[in-house]
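Reading through the structure tokens given below for one structure.
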Amino acid sequence: MSRIWARVVGLFSSKSFIGVDKTGNKYFSRMEEIDGLVKEKRWVTFRREEDPTSIPVEWICWLNGQRKRAPTTEEMAELEARRERVKLNVALLKKGEEEKKAREGTGRKITSIGKVDGPDLSSFVRQFPPDSKGDKPEEASEEADQSRAKEHEPEIVTAEPPEPKTTEPSGSGSSFRPGTWQPPS
């Protein structure tokens, strides 16, 4: 009950006006005792409708306690001027980039939308020694075709004793069967 009474009294206690932003929102503060601790309570009263997006970042930081002192009008004017300079610089950079692209062209002619050329693998292929399998492209493709054909041949099953099932993944060589291992439950 004492908490409720403290809050009611707190509403009518003296609140101190801290400042106003450029949209007309007013900021207030007062000291409030809660459970024996004195804390500063900060709030805003909106000029028009309650729109939290109309509060400048500096005032949001003050309301949340990230700033000890409220922003001054000089500080707000300086930050606003800085934001305008940044916007102008961004516009100048974009304009410069567009002019540069117009002078140089895009470099590549776009033939169709949605398709992208594949990567250039010539430098990657040069890394392999010349004595690797399939020195000639025809040999490499024949070996790949033969290995694919082996994959599609029917598997010959021999009468080997079944291996005990374990909870750990294992297998190499002829006993390995992809996709058969299940995690322990």
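How things are named: the first chain in the structure tokens is A, the next is B, and so on; residues count from 1 in each chain; ligands count from 1 in the order shown.
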
Would you mind listing what lies within 10 Å of Trp43 (chain A) as a PyMOL selection string, with only C-alpha atoms counted and same-chain residues fewer than 6 positions away left out? chain A and resi 18+26-30+60+62-64

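Residue neighbourhood of Met76 (chain A), excluding near-sequence residues (fewer than 4 positions): A:Asp21, A:Lys22, A:Pro56, A:Glu58, A:Pro71, A:Thr72, A:Glu80, A:Ala81, at 9 Å, using only C-alpha atoms.
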
Region 8-128 of chain A: which residues are strand (DSSP E or B) by DSSP, as a ChimeraX atom specification? /A:16-20,26-34,37-45

Could the residues in this selection be written to a file with N, CA and C atoms, as a PDB file, in the first residue's frame?
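Final file, again-v4.pdb:
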```
ATOM      1  N   SER A  16      10.755  18.560 -12.514  1.00  0.00           N
ATOM      2  CA  SER A  16      11.601  19.612 -13.058  1.00  0.00           C
ATOM      3  C   SER A  16      11.634  19.507 -14.579  1.00  0.00           C
ATOM      4  N   PHE A  17      11.416  20.629 -15.210  1.00  0.00           N
ATOM      5  CA  PHE A  17      11.464  20.721 -16.666  1.00  0.00           C
ATOM      6  C   PHE A  17      12.929  20.679 -17.093  1.00  0.00           C
ATOM      7  N   ILE A  18      13.250  19.766 -18.018  1.00  0.00           N
ATOM      8  CA  ILE A  18      14.636  19.586 -18.445  1.00  0.00           C
ATOM      9  C   ILE A  18      14.893  20.267 -19.774  1.00  0.00           C
ATOM     10  N   GLY A  19      13.996  20.066 -20.741  1.00  0.00           N
ATOM     11  CA  GLY A  19      14.237  20.672 -22.043  1.00  0.00           C
ATOM     12  C   GLY A  19      13.141  20.353 -23.034  1.00  0.00           C
ATOM     13  N   VAL A  20      13.312  20.856 -24.238  1.00  0.00           N
ATOM     14  CA  VAL A  20      12.353  20.652 -25.314  1.00  0.00           C
ATOM     15  C   VAL A  20      13.145  20.387 -26.594  1.00  0.00           C
ATOM     16  N   LYS A  26       8.337  17.825 -24.727  1.00  0.00           N
ATOM     17  CA  LYS A  26       8.929  18.353 -23.489  1.00  0.00           C
ATOM     18  C   LYS A  26       9.423  17.191 -22.629  1.00  0.00           C
ATOM     19  N   TYR A  27      10.563  17.404 -22.005  1.00  0.00           N
ATOM     20  CA  TYR A  27      11.210  16.361 -21.208  1.00  0.00           C
ATOM     21  C   TYR A  27      11.269  16.800 -19.752  1.00  0.00           C
ATOM     22  N   PHE A  28      10.932  15.846 -18.853  1.00  0.00           N
ATOM     23  CA  PHE A  28      10.866  16.132 -17.426  1.00  0.00           C
ATOM     24  C   PHE A  28      11.637  15.085 -16.642  1.00  0.00           C
ATOM     25  N   SER A  29      11.912  15.451 -15.374  1.00  0.00           N
ATOM     26  CA  SER A  29      12.613  14.552 -14.482  1.00  0.00           C
ATOM     27  C   SER A  29      12.170  14.824 -13.053  1.00  0.00           C
ATOM     28  N   ARG A  30      12.242  13.796 -12.213  1.00  0.00           N
ATOM     29  CA  ARG A  30      12.008  13.976 -10.788  1.00  0.00           C
ATOM     30  C   ARG A  30      12.676  12.833 -10.047  1.00  0.00           C
ATOM     31  N   MET A  31      13.003  13.082  -8.814  1.00  0.00           N
ATOM     32  CA  MET A  31      13.623  12.071  -7.973  1.00  0.00           C
ATOM     33  C   MET A  31      12.520  11.298  -7.279  1.00  0.00           C
ATOM     34  N   GLU A  32      12.612   9.974  -7.276  1.00  0.00           N
ATOM     35  CA  GLU A  32      11.564   9.119  -6.730  1.00  0.00           C
ATOM     36  C   GLU A  32      12.222   8.055  -5.853  1.00  0.00           C
ATOM     37  N   GLU A  33      11.623   7.796  -4.701  1.00  0.00           N
ATOM     38  CA  GLU A  33      12.153   6.786  -3.805  1.00  0.00           C
ATOM     39  C   GLU A  33      11.360   5.500  -3.966  1.00  0.00           C
ATOM     40  N   ILE A  34      12.063   4.442  -4.321  1.00  0.00           N
ATOM     41  CA  ILE A  34      11.432   3.128  -4.482  1.00  0.00           C
ATOM     42  C   ILE A  34      12.239   2.134  -3.665  1.00  0.00           C
ATOM     43  N   LEU A  37      15.511   3.239  -2.228  1.00  0.00           N
ATOM     44  CA  LEU A  37      16.497   3.763  -3.167  1.00  0.00           C
ATOM     45  C   LEU A  37      15.931   4.989  -3.869  1.00  0.00           C
ATOM     46  N   VAL A  38      16.726   6.025  -3.962  1.00  0.00           N
ATOM     47  CA  VAL A  38      16.301   7.238  -4.648  1.00  0.00           C
ATOM     48  C   VAL A  38      16.786   7.144  -6.089  1.00  0.00           C
ATOM     49  N   LYS A  39      15.846   7.152  -7.009  1.00  0.00           N
ATOM     50  CA  LYS A  39      16.177   7.059  -8.422  1.00  0.00           C
ATOM     51  C   LYS A  39      15.570   8.233  -9.161  1.00  0.00           C
ATOM     52  N   GLU A  40      16.188   8.596 -10.249  1.00  0.00           N
ATOM     53  CA  GLU A  40      15.659   9.665 -11.071  1.00  0.00           C
ATOM     54  C   GLU A  40      14.724   9.059 -12.116  1.00  0.00           C
ATOM     55  N   LYS A  41      13.538   9.582 -12.190  1.00  0.00           N
ATOM     56  CA  LYS A  41      12.569   9.138 -13.185  1.00  0.00           C
ATOM     57  C   LYS A  41      12.533  10.196 -14.283  1.00  0.00           C
ATOM     58  N   ARG A  42      12.643   9.757 -15.534  1.00  0.00           N
ATOM     59  CA  ARG A  42      12.652  10.665 -16.682  1.00  0.00           C
ATOM     60  C   ARG A  42      11.521  10.284 -17.621  1.00  0.00           C
ATOM     61  N   TRP A  43      10.877  11.298 -18.202  1.00  0.00           N
ATOM     62  CA  TRP A  43       9.796  11.025 -19.155  1.00  0.00           C
ATOM     63  C   TRP A  43       9.627  12.182 -20.119  1.00  0.00           C
ATOM     64  N   VAL A  44       8.827  11.906 -21.137  1.00  0.00           N
ATOM     65  CA  VAL A  44       8.565  12.898 -22.179  1.00  0.00           C
ATOM     66  C   VAL A  44       7.058  13.084 -22.300  1.00  0.00           C
ATOM     67  N   THR A  45       6.631  14.328 -22.546  1.00  0.00           N
ATOM     68  CA  THR A  45       5.242  14.593 -22.914  1.00  0.00           C
ATOM     69  C   THR A  45       5.267  15.086 -24.358  1.00  0.00           C
TER      70      THR A  45
END
```

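Straight-line separation from CA of Ala77 (chain A) to CA of Glu50 (chain A): 23.5 Å.
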
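A straight line drawn from CA of Asp51 (chain A) to CA of Ala70 (chain A) is 20.0 Å long.
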
Using DSSP assignments from the backbone, pull out every residue in region 6-131 of chain A that falls under helix (DSSP H, G or I) and give it to me as a PyMOL selection string. chain A and resi 6-12+52-54+57-63+73-104+122-125

CA of Glu74 (chain A) to CA of Lys15 (chain A), distance in Å rounded to a single decimal: 23.9 Å

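Among the candidates A:Arg69, A:Arg82, A:Arg126, A:Thr23, the residue lying nearest to Thr53 (chain A) is A:Thr23 (atoms considered: only C-alpha atoms).
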